[in-house]
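Step one of this worksheet: look at the structure below.
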There are 2 protein chains.
Amino acid sequence: MIRTLIPIADGCEEIETVVVADTLRRAGWDVVLAGLRGIAPVTASRKVKIIPDARWEELDLLSFDLLVLPGGSGGTKALCEHDGVQETIRIFDIEEKRIGAICAAPLALHKAGVLKGRAFTCYPGVEKEMRRSDRSGEPVVIDRNIVTSQGPGTAFVFALKLIELFDGADAAEKVRNGLIY
Amino acid sequence: MIRTLIPIADGCEEIETVVVADTLRRAGWDVVLAGLRGIAPVTASRKVKIIPDARWEELDLLSFDLLVLPGGSGGTKALCEHDGVQETIRIFDIEEKRIGAICAAPLALHKAGVLKGRAFTCYPGVEKEMRRSDRSGEPVVIDRNIVTSQGPGTAFVFALKLIELFDGADAAEKVRNGLIY
């Protein structure tokens, strides 16, 4: 069973958070929404209130196979400023574990220094904050262990691609059919 | 500002709940996630925990312009069994206010008696519980004031169609662009 770690904080984009968590759980994966400020409810970017599954601090971070970063400008700011998240991004990258980031969240990968020399995509305009002009226009971009995507409307394609990468195309297709996507 | 009422209970489908709430809020609408068991956290179908915005009982139900019912089998069962929801469906229909239902939730419309003689869609197979064989294969079906849709993967199209019906195609297109959908 693939263990997926999704750090969430106030201002995370709720569609990106929930589409990824739900879709990966439909594949039978263990998905943990990890609160960066304990298990206090997170108020997402469009005011949906989500209770994290666990506190970030209590988790054995290296027991996870996949780290996924949802976007939303407030949530991404928290991912950029949280030392533990930044360190975990670097460790996952060194260990060549897969990391996903969608919408504004590739900025947190840039901040951690792991996006250098990599192909990527993000929410249009966010690349300027990285002083880069080579954002791909594809919904999902894979460069070795790093998978990036554009925004809420590409969250299904992003999550299904993650399932395909770990479990193969048939597993992803089965989940896609169940979603009526 | 369009006021939208979304009743939620344990077992509601979290993608359908959150994609609709977030997308309609992006259109500037007032969206209330109304807890059928107070403001206790709702554990959705794939275990995402969502805190309702308000208790169903405390709301002025007739102040809303639109009622949207998310699917998920547990959530739909609650919508079918809750007298207040069933009565509100009937009143909205009599007053020709718009009602949306996605996935399994058209079953709650069937239970309330408002789907009789109407074209509809739902999650494939759910029509059997209504003893009907005339489910449409379209992602979204509109019959007068009732708008139905198929499942998590059609939630964006469903929400954008609701925006189009109230605010016009340009408003829906603007939200669609912002979502990168």
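Identifiers for the structure tokens are assigned positionally: chains receive A, B, ... in sequence, residues are indexed from 1 per chain, and ligands are indexed from 1 in the order shown.
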
Set the cut-off to 9 Å and count only C-alpha atoms: what are the residues of chain B that reach chain A? Output as number ranges by chain. B: 13-15, 18-19, 21-23, 25-26, 33, 41, 45-53, 123-124, 139, 150-154, 156, 176, 178-181

Produce the least-squares-superposed copy of chain A, fitted on chain B over all in-order C-alpha pairs, as a PDB file with C-alpha atoms, in the first residue's frame.
ATOM      1  CA  MET A   1     -25.450  37.185  -4.684  1.00  0.00           C
ATOM      2  CA  ILE A   2     -26.810  33.665  -5.197  1.00  0.00           C
ATOM      3  CA  ARG A   3     -27.316  31.867  -1.894  1.00  0.00           C
ATOM      4  CA  THR A   4     -26.605  28.136  -2.104  1.00  0.00           C
ATOM      5  CA  LEU A   5     -27.552  25.546   0.506  1.00  0.00           C
ATOM      6  CA  ILE A   6     -25.580  22.276   0.578  1.00  0.00           C
ATOM      7  CA  PRO A   7     -26.722  19.782   3.252  1.00  0.00           C
ATOM      8  CA  ILE A   8     -23.925  17.426   4.334  1.00  0.00           C
ATOM      9  CA  ALA A   9     -23.808  14.342   6.538  1.00  0.00           C
ATOM     10  CA  ASP A  10     -21.427  11.446   7.206  1.00  0.00           C
ATOM     11  CA  GLY A  11     -20.727   9.564   3.997  1.00  0.00           C
ATOM     12  CA  CYS A  12     -21.238  12.493   1.622  1.00  0.00           C
ATOM     13  CA  GLU A  13     -18.808  12.409  -1.298  1.00  0.00           C
ATOM     14  CA  GLU A  14     -16.057  14.914  -0.458  1.00  0.00           C
ATOM     15  CA  ILE A  15     -14.990  15.724  -4.021  1.00  0.00           C
ATOM     16  CA  GLU A  16     -18.588  16.521  -5.001  1.00  0.00           C
ATOM     17  CA  THR A  17     -19.103  18.605  -1.849  1.00  0.00           C
ATOM     18  CA  VAL A  18     -15.866  20.562  -2.124  1.00  0.00           C
ATOM     19  CA  VAL A  19     -15.707  21.041  -5.915  1.00  0.00           C
ATOM     20  CA  VAL A  20     -19.221  22.496  -5.875  1.00  0.00           C
ATOM     21  CA  ALA A  21     -18.673  24.728  -2.801  1.00  0.00           C
ATOM     22  CA  ASP A  22     -15.288  26.057  -3.978  1.00  0.00           C
ATOM     23  CA  THR A  23     -16.379  26.594  -7.596  1.00  0.00           C
ATOM     24  CA  LEU A  24     -19.579  28.443  -6.634  1.00  0.00           C
ATOM     25  CA  ARG A  25     -17.655  30.604  -4.130  1.00  0.00           C
ATOM     26  CA  ARG A  26     -15.264  31.522  -6.955  1.00  0.00           C
ATOM     27  CA  ALA A  27     -18.335  32.971  -8.690  1.00  0.00           C
ATOM     28  CA  GLY A  28     -18.847  35.204  -5.639  1.00  0.00           C
ATOM     29  CA  TRP A  29     -21.811  33.187  -4.356  1.00  0.00           C
ATOM     30  CA  ASP A  30     -22.752  32.667  -0.724  1.00  0.00           C
ATOM     31  CA  VAL A  31     -22.445  28.914  -0.108  1.00  0.00           C
ATOM     32  CA  VAL A  32     -23.438  27.272   3.182  1.00  0.00           C
ATOM     33  CA  LEU A  33     -22.421  23.694   4.025  1.00  0.00           C
ATOM     34  CA  ALA A  34     -25.278  22.813   6.372  1.00  0.00           C
ATOM     35  CA  GLY A  35     -24.647  19.996   8.854  1.00  0.00           C
ATOM     36  CA  LEU A  36     -27.618  17.677   9.313  1.00  0.00           C
ATOM     37  CA  ARG A  37     -26.282  16.691  12.730  1.00  0.00           C
ATOM     38  CA  GLY A  38     -25.258  20.120  13.972  1.00  0.00           C
ATOM     39  CA  ILE A  39     -21.784  21.463  13.368  1.00  0.00           C
ATOM     40  CA  ALA A  40     -20.074  18.229  14.386  1.00  0.00           C
ATOM     41  CA  PRO A  41     -17.381  17.291  11.836  1.00  0.00           C
ATOM     42  CA  VAL A  42     -18.703  15.231   8.939  1.00  0.00           C
ATOM     43  CA  THR A  43     -16.640  12.195   7.925  1.00  0.00           C
ATOM     44  CA  ALA A  44     -17.088  12.062   4.167  1.00  0.00           C
ATOM     45  CA  SER A  45     -17.127   8.902   2.032  1.00  0.00           C
ATOM     46  CA  ARG A  46     -13.310   8.707   1.673  1.00  0.00           C
ATOM     47  CA  LYS A  47     -12.701   9.798   5.269  1.00  0.00           C
ATOM     48  CA  VAL A  48     -11.976  13.499   4.699  1.00  0.00           C
ATOM     49  CA  LYS A  49     -13.329  15.336   7.757  1.00  0.00           C
ATOM     50  CA  ILE A  50     -15.230  18.539   6.972  1.00  0.00           C
ATOM     51  CA  ILE A  51     -16.691  20.987   9.489  1.00  0.00           C
ATOM     52  CA  PRO A  52     -20.113  22.332   8.396  1.00  0.00           C
ATOM     53  CA  ASP A  53     -20.545  26.115   8.180  1.00  0.00           C
ATOM     54  CA  ALA A  54     -23.851  26.019  10.079  1.00  0.00           C
ATOM     55  CA  ARG A  55     -26.444  23.735  11.598  1.00  0.00           C
ATOM     56  CA  TRP A  56     -29.313  22.880   9.224  1.00  0.00           C
ATOM     57  CA  GLU A  57     -31.843  23.767  11.952  1.00  0.00           C
ATOM     58  CA  GLU A  58     -30.588  27.330  12.423  1.00  0.00           C
ATOM     59  CA  LEU A  59     -30.895  28.355   8.776  1.00  0.00           C
ATOM     60  CA  ASP A  60     -33.677  30.309   7.094  1.00  0.00           C
ATOM     61  CA  LEU A  61     -34.042  27.660   4.408  1.00  0.00           C
ATOM     62  CA  LEU A  62     -36.302  29.694   2.179  1.00  0.00           C
ATOM     63  CA  SER A  63     -33.753  32.523   1.968  1.00  0.00           C
ATOM     64  CA  PHE A  64     -31.673  30.313  -0.357  1.00  0.00           C
ATOM     65  CA  ASP A  65     -31.851  30.469  -4.154  1.00  0.00           C
ATOM     66  CA  LEU A  66     -30.393  27.055  -4.841  1.00  0.00           C
ATOM     67  CA  LEU A  67     -30.273  23.679  -3.076  1.00  0.00           C
ATOM     68  CA  VAL A  68     -27.414  21.349  -4.057  1.00  0.00           C
ATOM     69  CA  LEU A  69     -27.241  17.733  -2.913  1.00  0.00           C
ATOM     70  CA  PRO A  70     -23.842  15.995  -2.996  1.00  0.00           C
ATOM     71  CA  GLY A  71     -23.758  12.223  -3.480  1.00  0.00           C
ATOM     72  CA  GLY A  72     -21.967   9.425  -1.677  1.00  0.00           C
ATOM     73  CA  SER A  73     -24.126   6.525  -0.522  1.00  0.00           C
ATOM     74  CA  GLY A  74     -24.042   7.353   3.211  1.00  0.00           C
ATOM     75  CA  GLY A  75     -24.704  11.045   2.617  1.00  0.00           C
ATOM     76  CA  THR A  76     -27.548  10.267   0.222  1.00  0.00           C
ATOM     77  CA  LYS A  77     -29.147   7.920   2.763  1.00  0.00           C
ATOM     78  CA  ALA A  78     -29.153  10.834   5.241  1.00  0.00           C
ATOM     79  CA  LEU A  79     -30.745  13.138   2.622  1.00  0.00           C
ATOM     80  CA  CYS A  80     -33.450  10.509   2.009  1.00  0.00           C
ATOM     81  CA  GLU A  81     -34.172   9.987   5.713  1.00  0.00           C
ATOM     82  CA  HIS A  82     -34.052  13.624   6.908  1.00  0.00           C
ATOM     83  CA  ASP A  83     -37.618  14.986   7.001  1.00  0.00           C
ATOM     84  CA  GLY A  84     -36.424  18.603   6.806  1.00  0.00           C
ATOM     85  CA  VAL A  85     -34.350  17.959   3.680  1.00  0.00           C
ATOM     86  CA  GLN A  86     -37.193  16.018   2.053  1.00  0.00           C
ATOM     87  CA  GLU A  87     -39.665  18.811   2.812  1.00  0.00           C
ATOM     88  CA  THR A  88     -37.239  21.467   1.563  1.00  0.00           C
ATOM     89  CA  ILE A  89     -36.783  19.586  -1.734  1.00  0.00           C
ATOM     90  CA  ARG A  90     -40.570  19.579  -2.215  1.00  0.00           C
ATOM     91  CA  ILE A  91     -40.947  23.269  -1.311  1.00  0.00           C
ATOM     92  CA  PHE A  92     -38.080  24.317  -3.609  1.00  0.00           C
ATOM     93  CA  ASP A  93     -39.666  22.335  -6.433  1.00  0.00           C
ATOM     94  CA  ILE A  94     -43.138  23.816  -5.869  1.00  0.00           C
ATOM     95  CA  GLU A  95     -41.599  27.315  -5.841  1.00  0.00           C
ATOM     96  CA  GLU A  96     -39.628  26.396  -8.996  1.00  0.00           C
ATOM     97  CA  LYS A  97     -36.339  27.206  -7.276  1.00  0.00           C
ATOM     98  CA  ARG A  98     -33.369  25.372  -8.718  1.00  0.00           C
ATOM     99  CA  ILE A  99     -32.236  22.082  -7.172  1.00  0.00           C
ATOM    100  CA  GLY A 100     -28.992  20.303  -8.095  1.00  0.00           C
ATOM    101  CA  ALA A 101     -28.177  16.673  -7.278  1.00  0.00           C
ATOM    102  CA  ILE A 102     -25.120  14.640  -8.263  1.00  0.00           C
ATOM    103  CA  CYS A 103     -24.050  10.974  -8.159  1.00  0.00           C
ATOM    104  CA  ALA A 104     -26.322   9.014  -5.771  1.00  0.00           C
ATOM    105  CA  ALA A 105     -28.169  12.153  -4.583  1.00  0.00           C
ATOM    106  CA  PRO A 106     -30.849  12.147  -7.331  1.00  0.00           C
ATOM    107  CA  LEU A 107     -32.219   9.262  -5.214  1.00  0.00           C
ATOM    108  CA  ALA A 108     -33.159  11.873  -2.574  1.00  0.00           C
ATOM    109  CA  LEU A 109     -35.106  13.765  -5.255  1.00  0.00           C
ATOM    110  CA  HIS A 110     -36.828  10.522  -6.269  1.00  0.00           C
ATOM    111  CA  LYS A 111     -37.703   9.879  -2.607  1.00  0.00           C
ATOM    112  CA  ALA A 112     -39.213  13.371  -2.367  1.00  0.00           C
ATOM    113  CA  GLY A 113     -41.287  12.652  -5.471  1.00  0.00           C
ATOM    114  CA  VAL A 114     -39.954  15.521  -7.575  1.00  0.00           C
ATOM    115  CA  LEU A 115     -38.146  13.431 -10.217  1.00  0.00           C
ATOM    116  CA  LYS A 116     -41.341  11.896 -11.597  1.00  0.00           C
ATOM    117  CA  GLY A 117     -41.648  12.563 -15.321  1.00  0.00           C
ATOM    118  CA  ARG A 118     -38.327  14.438 -15.382  1.00  0.00           C
ATOM    119  CA  ALA A 119     -35.226  13.713 -17.443  1.00  0.00           C
ATOM    120  CA  PHE A 120     -32.232  13.057 -15.182  1.00  0.00           C
ATOM    121  CA  THR A 121     -28.851  11.459 -14.755  1.00  0.00           C
ATOM    122  CA  CYS A 122     -27.076   9.952 -11.725  1.00  0.00           C
ATOM    123  CA  TYR A 123     -24.192   7.609 -10.858  1.00  0.00           C
ATOM    124  CA  PRO A 124     -24.568   4.580 -13.165  1.00  0.00           C
ATOM    125  CA  GLY A 125     -26.689   1.936 -11.443  1.00  0.00           C
ATOM    126  CA  VAL A 126     -28.394   4.283  -8.969  1.00  0.00           C
ATOM    127  CA  GLU A 127     -31.360   4.556 -11.364  1.00  0.00           C
ATOM    128  CA  LYS A 128     -32.189   0.914 -10.552  1.00  0.00           C
ATOM    129  CA  GLU A 129     -32.981   1.931  -6.968  1.00  0.00           C
ATOM    130  CA  MET A 130     -35.625   4.219  -8.506  1.00  0.00           C
ATOM    131  CA  ARG A 131     -36.837   1.403 -10.756  1.00  0.00           C
ATOM    132  CA  ARG A 132     -36.088   3.573 -13.754  1.00  0.00           C
ATOM    133  CA  SER A 133     -34.152   2.737 -16.909  1.00  0.00           C
ATOM    134  CA  ASP A 134     -34.204   6.172 -18.534  1.00  0.00           C
ATOM    135  CA  ARG A 135     -31.001   7.588 -16.973  1.00  0.00           C
ATOM    136  CA  SER A 136     -29.287   9.951 -19.416  1.00  0.00           C
ATOM    137  CA  GLY A 137     -25.620   9.310 -20.248  1.00  0.00           C
ATOM    138  CA  GLU A 138     -24.891  13.071 -20.307  1.00  0.00           C
ATOM    139  CA  PRO A 139     -22.598  14.553 -17.595  1.00  0.00           C
ATOM    140  CA  VAL A 140     -25.297  17.094 -16.664  1.00  0.00           C
ATOM    141  CA  VAL A 141     -29.045  17.013 -17.366  1.00  0.00           C
ATOM    142  CA  ILE A 142     -31.375  19.995 -16.897  1.00  0.00           C
ATOM    143  CA  ASP A 143     -35.147  19.511 -16.693  1.00  0.00           C
ATOM    144  CA  ARG A 144     -36.817  22.799 -15.780  1.00  0.00           C
ATOM    145  CA  ASN A 145     -35.538  23.663 -12.269  1.00  0.00           C
ATOM    146  CA  ILE A 146     -33.813  20.326 -11.622  1.00  0.00           C
ATOM    147  CA  VAL A 147     -30.143  19.827 -12.555  1.00  0.00           C
ATOM    148  CA  THR A 148     -28.572  16.365 -12.136  1.00  0.00           C
ATOM    149  CA  SER A 149     -25.072  15.049 -12.722  1.00  0.00           C
ATOM    150  CA  GLN A 150     -23.172  11.740 -12.645  1.00  0.00           C
ATOM    151  CA  GLY A 151     -20.323  11.671 -10.146  1.00  0.00           C
ATOM    152  CA  PRO A 152     -17.076  13.163  -8.783  1.00  0.00           C
ATOM    153  CA  GLY A 153     -15.553  13.422 -12.248  1.00  0.00           C
ATOM    154  CA  THR A 154     -18.482  15.514 -13.529  1.00  0.00           C
ATOM    155  CA  ALA A 155     -18.592  17.857 -10.504  1.00  0.00           C
ATOM    156  CA  PHE A 156     -16.760  20.718 -12.255  1.00  0.00           C
ATOM    157  CA  VAL A 157     -19.096  20.610 -15.270  1.00  0.00           C
ATOM    158  CA  PHE A 158     -22.088  20.447 -12.888  1.00  0.00           C
ATOM    159  CA  ALA A 159     -20.950  23.456 -10.810  1.00  0.00           C
ATOM    160  CA  LEU A 160     -20.030  25.504 -13.885  1.00  0.00           C
ATOM    161  CA  LYS A 161     -23.459  24.762 -15.412  1.00  0.00           C
ATOM    162  CA  LEU A 162     -25.138  26.052 -12.239  1.00  0.00           C
ATOM    163  CA  ILE A 163     -23.131  29.294 -12.543  1.00  0.00           C
ATOM    164  CA  GLU A 164     -24.132  29.571 -16.207  1.00  0.00           C
ATOM    165  CA  LEU A 165     -27.821  29.097 -15.364  1.00  0.00           C
ATOM    166  CA  PHE A 166     -27.853  31.942 -12.836  1.00  0.00           C
ATOM    167  CA  ASP A 167     -25.102  34.294 -14.019  1.00  0.00           C
ATOM    168  CA  GLY A 168     -24.653  33.486 -17.709  1.00  0.00           C
ATOM    169  CA  ALA A 169     -22.012  31.820 -19.858  1.00  0.00           C
ATOM    170  CA  ASP A 170     -19.399  34.576 -19.494  1.00  0.00           C
ATOM    171  CA  ALA A 171     -19.415  34.307 -15.687  1.00  0.00           C
ATOM    172  CA  ALA A 172     -19.059  30.520 -15.901  1.00  0.00           C
ATOM    173  CA  GLU A 173     -16.239  30.834 -18.433  1.00  0.00           C
ATOM    174  CA  LYS A 174     -14.375  33.246 -16.157  1.00  0.00           C
ATOM    175  CA  VAL A 175     -14.532  30.769 -13.248  1.00  0.00           C
ATOM    176  CA  ARG A 176     -13.569  27.888 -15.566  1.00  0.00           C
ATOM    177  CA  ASN A 177     -10.460  29.781 -16.678  1.00  0.00           C
ATOM    178  CA  GLY A 178      -9.456  30.504 -13.083  1.00  0.00           C
ATOM    179  CA  LEU A 179      -9.751  26.819 -12.251  1.00  0.00           C
ATOM    180  CA  ILE A 180      -7.627  25.843 -15.290  1.00  0.00           C
ATOM    181  CA  TYR A 181     -10.434  23.442 -16.194  1.00  0.00           C
TER     182      TYR A 181
END

Strand (DSSP E) call set, DSSP backbone run, segment 6-178 of chain B, as a ChimeraX atom specification: /B:6-8,30-39,42-43,49-51,54-55,66-69,98-102,140-143,146-149

Would you mind exporting the chosen residues as a tab-separated table (two decimals), in the first residue's frame, restricted to N, CA and C atoms?
chain	number	residue	atom	x	y	z
B	6	ILE	N	-26.08	23.64	0.84
B	6	ILE	CA	-25.58	22.28	0.58
B	6	ILE	C	-25.65	21.48	1.88
B	7	PRO	N	-26.65	20.61	2.04
B	7	PRO	CA	-26.72	19.78	3.25
B	7	PRO	C	-25.68	18.66	3.20
B	8	ILE	N	-24.94	18.50	4.30
B	8	ILE	CA	-23.93	17.43	4.33
B	8	ILE	C	-24.08	16.58	5.59
B	30	ASP	N	-22.72	33.04	-2.12
B	30	ASP	CA	-22.75	32.67	-0.71
B	30	ASP	C	-23.12	31.19	-0.64
B	31	VAL	N	-22.22	30.37	-0.16
B	31	VAL	CA	-22.44	28.92	-0.11
B	31	VAL	C	-22.37	28.46	1.35
B	32	VAL	N	-23.40	27.77	1.80
B	32	VAL	CA	-23.42	27.28	3.19
B	32	VAL	C	-23.46	25.75	3.19
B	33	LEU	N	-22.41	25.15	3.79
B	33	LEU	CA	-22.41	23.70	4.03
B	33	LEU	C	-23.18	23.48	5.34
B	34	ALA	N	-24.38	22.93	5.22
B	34	ALA	CA	-25.28	22.82	6.37
B	34	ALA	C	-25.22	21.41	6.96
B	35	GLY	N	-24.76	21.31	8.19
B	35	GLY	CA	-24.64	20.01	8.86
B	35	GLY	C	-26.00	19.49	9.30
B	36	LEU	N	-26.31	18.26	8.92
B	36	LEU	CA	-27.61	17.68	9.31
B	36	LEU	C	-27.59	17.19	10.76
B	37	ARG	N	-26.39	17.04	11.31
B	37	ARG	CA	-26.28	16.71	12.74
B	37	ARG	C	-25.45	17.79	13.44
B	38	GLY	N	-25.94	19.02	13.33
B	38	GLY	CA	-25.26	20.14	13.96
B	38	GLY	C	-23.97	20.48	13.25
B	39	ILE	N	-23.05	21.10	14.00
B	39	ILE	CA	-21.78	21.46	13.36
B	39	ILE	C	-20.67	20.49	13.72
B	42	VAL	N	-18.14	16.27	9.80
B	42	VAL	CA	-18.70	15.23	8.94
B	42	VAL	C	-17.54	14.39	8.41
B	43	THR	N	-17.64	13.07	8.54
B	43	THR	CA	-16.64	12.20	7.92
B	43	THR	C	-17.20	11.77	6.57
B	49	LYS	N	-12.45	14.79	6.71
B	49	LYS	CA	-13.32	15.33	7.76
B	49	LYS	C	-13.57	16.83	7.50
B	50	ILE	N	-14.83	17.18	7.32
B	50	ILE	CA	-15.22	18.54	6.97
B	50	ILE	C	-16.13	19.10	8.06
B	51	ILE	N	-15.84	20.34	8.50
B	51	ILE	CA	-16.70	20.99	9.49
B	51	ILE	C	-17.76	21.81	8.76
B	54	ALA	N	-22.70	25.70	9.23
B	54	ALA	CA	-23.85	26.03	10.08
B	54	ALA	C	-24.67	24.76	10.33
B	55	ARG	N	-25.51	24.83	11.34
B	55	ARG	CA	-26.45	23.73	11.59
B	55	ARG	C	-27.64	23.92	10.65
B	66	LEU	N	-30.81	28.31	-4.20
B	66	LEU	CA	-30.39	27.05	-4.83
B	66	LEU	C	-30.09	26.03	-3.75
B	67	LEU	N	-30.57	24.81	-3.96
B	67	LEU	CA	-30.27	23.67	-3.08
B	67	LEU	C	-29.42	22.70	-3.87
B	68	VAL	N	-28.24	22.34	-3.35
B	68	VAL	CA	-27.40	21.35	-4.06
B	68	VAL	C	-27.14	20.16	-3.15
B	69	LEU	N	-27.41	18.97	-3.67
B	69	LEU	CA	-27.24	17.74	-2.91
B	69	LEU	C	-26.04	16.96	-3.42
B	98	ARG	N	-34.25	26.42	-8.17
B	98	ARG	CA	-33.37	25.38	-8.72
B	98	ARG	C	-32.86	24.43	-7.64
B	99	ILE	N	-32.77	23.14	-8.04
B	99	ILE	CA	-32.23	22.08	-7.18
B	99	ILE	C	-31.20	21.32	-8.00
B	100	GLY	N	-30.01	21.12	-7.44
B	100	GLY	CA	-28.99	20.31	-8.10
B	100	GLY	C	-28.77	19.04	-7.30
B	101	ALA	N	-28.49	17.93	-7.98
B	101	ALA	CA	-28.18	16.68	-7.28
B	101	ALA	C	-27.21	15.89	-8.15
B	102	ILE	N	-26.18	15.33	-7.51
B	102	ILE	CA	-25.12	14.64	-8.26
B	102	ILE	C	-24.88	13.24	-7.68
B	140	VAL	N	-24.34	16.24	-17.38
B	140	VAL	CA	-25.30	17.09	-16.66
B	140	VAL	C	-26.61	17.11	-17.44
B	141	VAL	N	-27.72	16.96	-16.74
B	141	VAL	CA	-29.04	17.01	-17.37
B	141	VAL	C	-29.88	18.08	-16.66
B	142	ILE	N	-30.51	18.94	-17.45
B	142	ILE	CA	-31.38	19.99	-16.90
B	142	ILE	C	-32.81	19.72	-17.33
B	143	ASP	N	-33.72	19.62	-16.36
B	143	ASP	CA	-35.15	19.52	-16.69
B	143	ASP	C	-35.87	20.55	-15.84
B	146	ILE	N	-34.63	21.39	-12.22
B	146	ILE	CA	-33.80	20.32	-11.63
B	146	ILE	C	-32.59	19.99	-12.50
B	147	VAL	N	-31.41	20.05	-11.87
B	147	VAL	CA	-30.14	19.83	-12.56
B	147	VAL	C	-29.47	18.62	-11.92
B	148	THR	N	-29.20	17.58	-12.69
B	148	THR	CA	-28.57	16.37	-12.14
B	148	THR	C	-27.25	16.08	-12.85
B	149	SER	N	-26.38	15.35	-12.16
B	149	SER	CA	-25.06	15.05	-12.72
B	149	SER	C	-24.60	13.67	-12.22

DSSP-assigned helix (DSSP H, G or I) among segment 6-174 of chain B, expressed as a VMD selection string: chain B and resid 14 to 26 56 to 58 61 to 63 73 to 81 83 to 94 106 to 112 126 to 130 152 to 167 169 to 174
